[in-house]
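Have a look at target-v8.cif; it's mmCIF, C-alpha atoms:
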```cif
data_final
loop_
_atom_site.label_atom_id
_atom_site.label_comp_id
_atom_site.auth_asym_id
_atom_site.auth_seq_id
_atom_site.Cartn_x
_atom_site.Cartn_y
_atom_site.Cartn_z
CA GLU R 146 -0.97 -7.69 0.37
CA PRO R 147 -2.65 -4.33 -0.30
CA GLU R 148 -0.37 -1.88 -2.08
CA VAL R 149 0.92 0.81 0.24
CA SER R 150 0.75 4.12 -1.56
CA GLY R 151 2.03 6.31 1.22
CA VAL R 152 4.74 6.60 3.79
CA GLN R 153 4.34 5.70 7.43
CA PHE R 154 4.67 8.00 10.42
CA HIS R 155 3.96 6.44 13.83
CA GLY R 156 2.20 3.59 12.01
CA ILE R 157 -0.17 5.92 10.13
CA ASN R 158 -0.07 5.67 6.35
CA VAL R 159 0.21 9.15 4.79
CA ASP R 160 -0.48 9.49 1.06
CA LEU R 161 2.33 11.99 0.45
CA PRO R 162 3.47 10.38 -2.83
CA LYS R 163 0.02 11.05 -4.28
CA LEU R 164 0.52 14.80 -3.86
CA ASP R 165 3.11 15.08 -6.64
CA ALA R 166 0.98 13.04 -9.03
CA ALA R 167 -2.21 14.96 -8.23
CA PHE R 168 -0.55 18.36 -8.58
CA ALA R 169 1.74 17.65 -11.55
CA ASN R 170 0.97 20.99 -13.22
CA ALA R 171 0.20 23.10 -10.18
CA THR R 172 0.46 26.87 -9.95
CA PRO R 173 3.61 28.35 -8.31
CA ASP R 174 1.85 29.08 -5.00
CA VAL R 175 0.60 25.49 -4.83
CA GLN R 176 4.08 24.23 -5.77
CA ALA R 177 5.48 26.09 -2.77
CA SER R 178 3.14 24.16 -0.47
CA LEU R 179 4.00 20.88 -2.20
CA THR R 180 7.68 21.51 -1.53
CA SER R 181 7.28 22.37 2.15
CA ILE R 182 4.76 19.67 3.16
CA PRO R 183 7.11 16.67 2.65
CA ARG R 184 9.92 18.63 4.32
CA PHE R 185 7.77 19.22 7.41
CA PHE R 186 7.05 15.49 7.52
CA ARG R 187 10.71 14.60 7.09
CA TYR R 188 11.58 16.70 10.14
CA ALA R 189 8.53 15.50 12.10
CA GLN R 190 7.03 19.01 12.10
CA PHE R 191 3.51 17.64 11.82
CA PRO R 192 1.61 20.71 13.10
CA GLU R 193 3.41 22.82 10.48
CA ALA R 194 2.54 20.25 7.80
CA LEU R 195 -1.08 20.42 8.94
CA MET R 196 -1.14 24.22 8.63
CA GLU R 197 0.34 24.01 5.14
CA LEU R 198 -2.19 21.35 4.10
CA ASP R 199 -4.96 23.51 5.49
CA LYS R 200 -3.70 26.45 3.43
CA LEU R 201 -3.62 24.20 0.37
CA ALA R 202 -7.16 22.92 1.01
CA ASN R 203 -8.43 26.49 0.94
CA ASN R 204 -6.77 27.30 -2.38
CA PRO R 205 -9.54 28.17 -4.86
CA SER R 206 -7.63 26.71 -7.83
CA LEU R 207 -7.90 23.11 -6.57
CA THR R 208 -10.01 20.58 -8.45
CA GLU R 209 -12.45 18.36 -6.54
CA SER R 210 -10.09 15.38 -6.66
CA GLN R 211 -7.14 17.49 -5.49
CA LYS R 212 -9.20 18.89 -2.63
CA LYS R 213 -10.31 15.38 -1.61
CA LEU R 214 -6.69 14.22 -1.49
CA VAL R 215 -5.68 17.21 0.64
CA VAL R 216 -8.61 16.63 3.02
CA ASP R 217 -7.55 12.95 3.33
CA LEU R 218 -3.99 14.05 4.06
CA ILE R 219 -5.24 16.47 6.73
CA GLU R 220 -7.08 13.60 8.45
CA GLN R 221 -4.00 11.37 8.21
CA THR R 222 -1.78 14.13 9.59
CA LYS R 223 -4.15 14.64 12.55
CA GLN R 224 -3.86 10.92 13.30
CA VAL R 225 -0.07 11.16 13.15
CA ILE R 226 -0.12 14.13 15.55
CA ALA R 227 -2.36 12.16 17.93
CA LYS R 228 0.18 9.30 17.95
CA THR R 229 3.27 11.49 18.26
CA PRO R 230 4.87 11.08 21.69
CA ALA R 231 5.11 14.31 23.65
CA PRO R 232 8.65 15.70 23.82
CA THR R 233 10.46 14.58 26.97
CA GLY R 234 11.06 17.15 29.65
CA GLN R 235 7.67 18.80 29.20
#
```
Hey, can you dump this file as structure tokens for me?
Amino acid sequence: EPEVSGVQFHGINVDLPKLDAAFANATPDVQASLTSIPRFFRYAQFPEALMELDKLANNPSLTESQKKLVVDLIEQTKQVIAKTPAPTGQ
């Protein structure tokens, strides 16, 4: 069995746990993003999570490995959004 490093949303594996490890000593503005991203996921606010990840990806203080992780998370989040059922009554 391959080790699952992330959490699943609509069957898509999202590497959220890697964020904390990758940004262990992040700047305060990055920390703010790291706090809100998992919260957006918890409440299924995937578009908001995507916007926050996008903001994080454009932060000039990121290392190459941090940026790669954020770009991966953006792709995973887009897949989650694609699989999210539309709200009923629309």
- Task: Mind checking which residues fall within 9 Å of range 161-167 of chain R, counting all atoms listed in the file, ignoring those fewer than 5 positions away in the same chain, and posting them as number ranges by chain?
- Result: R: 150-152, 179, 182-183, 210-211, 214-215, 218
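For the choices R:Asn158, R:Thr172, R:Asn204, R:Ser178, the atom-to-atom distance to Lys223 in chain R is smallest for R:Asn158 when using all atoms listed in the file.
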- Go ahead and compute the interatomic distance for CA of Gln190 in chain R and CA of Ile157 in chain R, in Å to one decimal. 15.1 Å
- With only C-alpha atoms as the atoms that count, which of R:Ala194, R:Leu207, R:Ala177, R:Ala169 lies nearest to Ile226 in chain R?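 Closest candidate: R:Ala194.
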- Message: Please list as a ChimeraX atom specification every residue within 9 Å of Ala202 in chain R, counting all atoms listed in the file and excluding residues in the same chain fewer than 3 positions away.
- Response: /R:197-199,205,207,211-213,215-216,219
- Message: Considering only C-alpha atoms, can you say which of R:Phe185, R:Leu201, R:Phe191, R:Ala171 comes closest to Gln224 in chain R?
- Response: R:Phe191
- Query: To one decimal place, how far is CA of Gly156 in chain R from CA of Thr233 in chain R in Å?
  - Reply: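 These two atoms are separated by 20.3 Å.
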- Query: Quick one: distance from CA of Arg187 in chain R to CA of Ser206 in chain R in Å, one decimal?
  - Reply: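 Atom-to-atom, CA of Arg187 in chain R and CA of Ser206 in chain R are spaced 26.6 Å apart.
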- Shortest contact to Thr222 in chain R, candidates R:Met196, R:Asp174, R:Thr208, R:Phe168, atoms counted only C-alpha atoms, goes to R:Met196
- Of the candidates R:Leu195, R:Val175, R:Val159, R:Ala189, which one gets nearest to Thr229 in chain R if we count all atoms listed in the file?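 Checking each candidate against Thr229 in chain R, we get R:Ala189 as the closest.
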Give as a tab-separated table (two decimals) with C-alpha atoms, keeping the file's coordinate frame each residue that has an atom at most 6 Å from (3.4, 6.6, 18.6) in the file, counting all atoms listed in the file.
```tsv
chain	number	residue	atom	x	y	z
R	155	HIS	CA	3.96	6.44	13.83
R	228	LYS	CA	0.18	9.30	17.95
R	229	THR	CA	3.27	11.49	18.26
R	230	PRO	CA	4.87	11.08	21.69
```
Using all atoms of range 177-185 of chain R that appear in the file, construct an axis-aligned enclosing box with 4 Å of padding on every side and provide its centre coordinates and edge lengths in Å, rounded to one decimal, as lines of an AutoDock Vina configuration file.
```
center_x = 6.5
center_y = 21.4
center_z = 2.3
size_x = 14.8
size_y = 17.4
size_z = 18.2
```
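If all atoms listed in the file are the atoms counted, then among R:Glu209, R:Glu220, R:Phe186, R:Ala231 the closest residue to Gln153 in chain R is R:Phe186.
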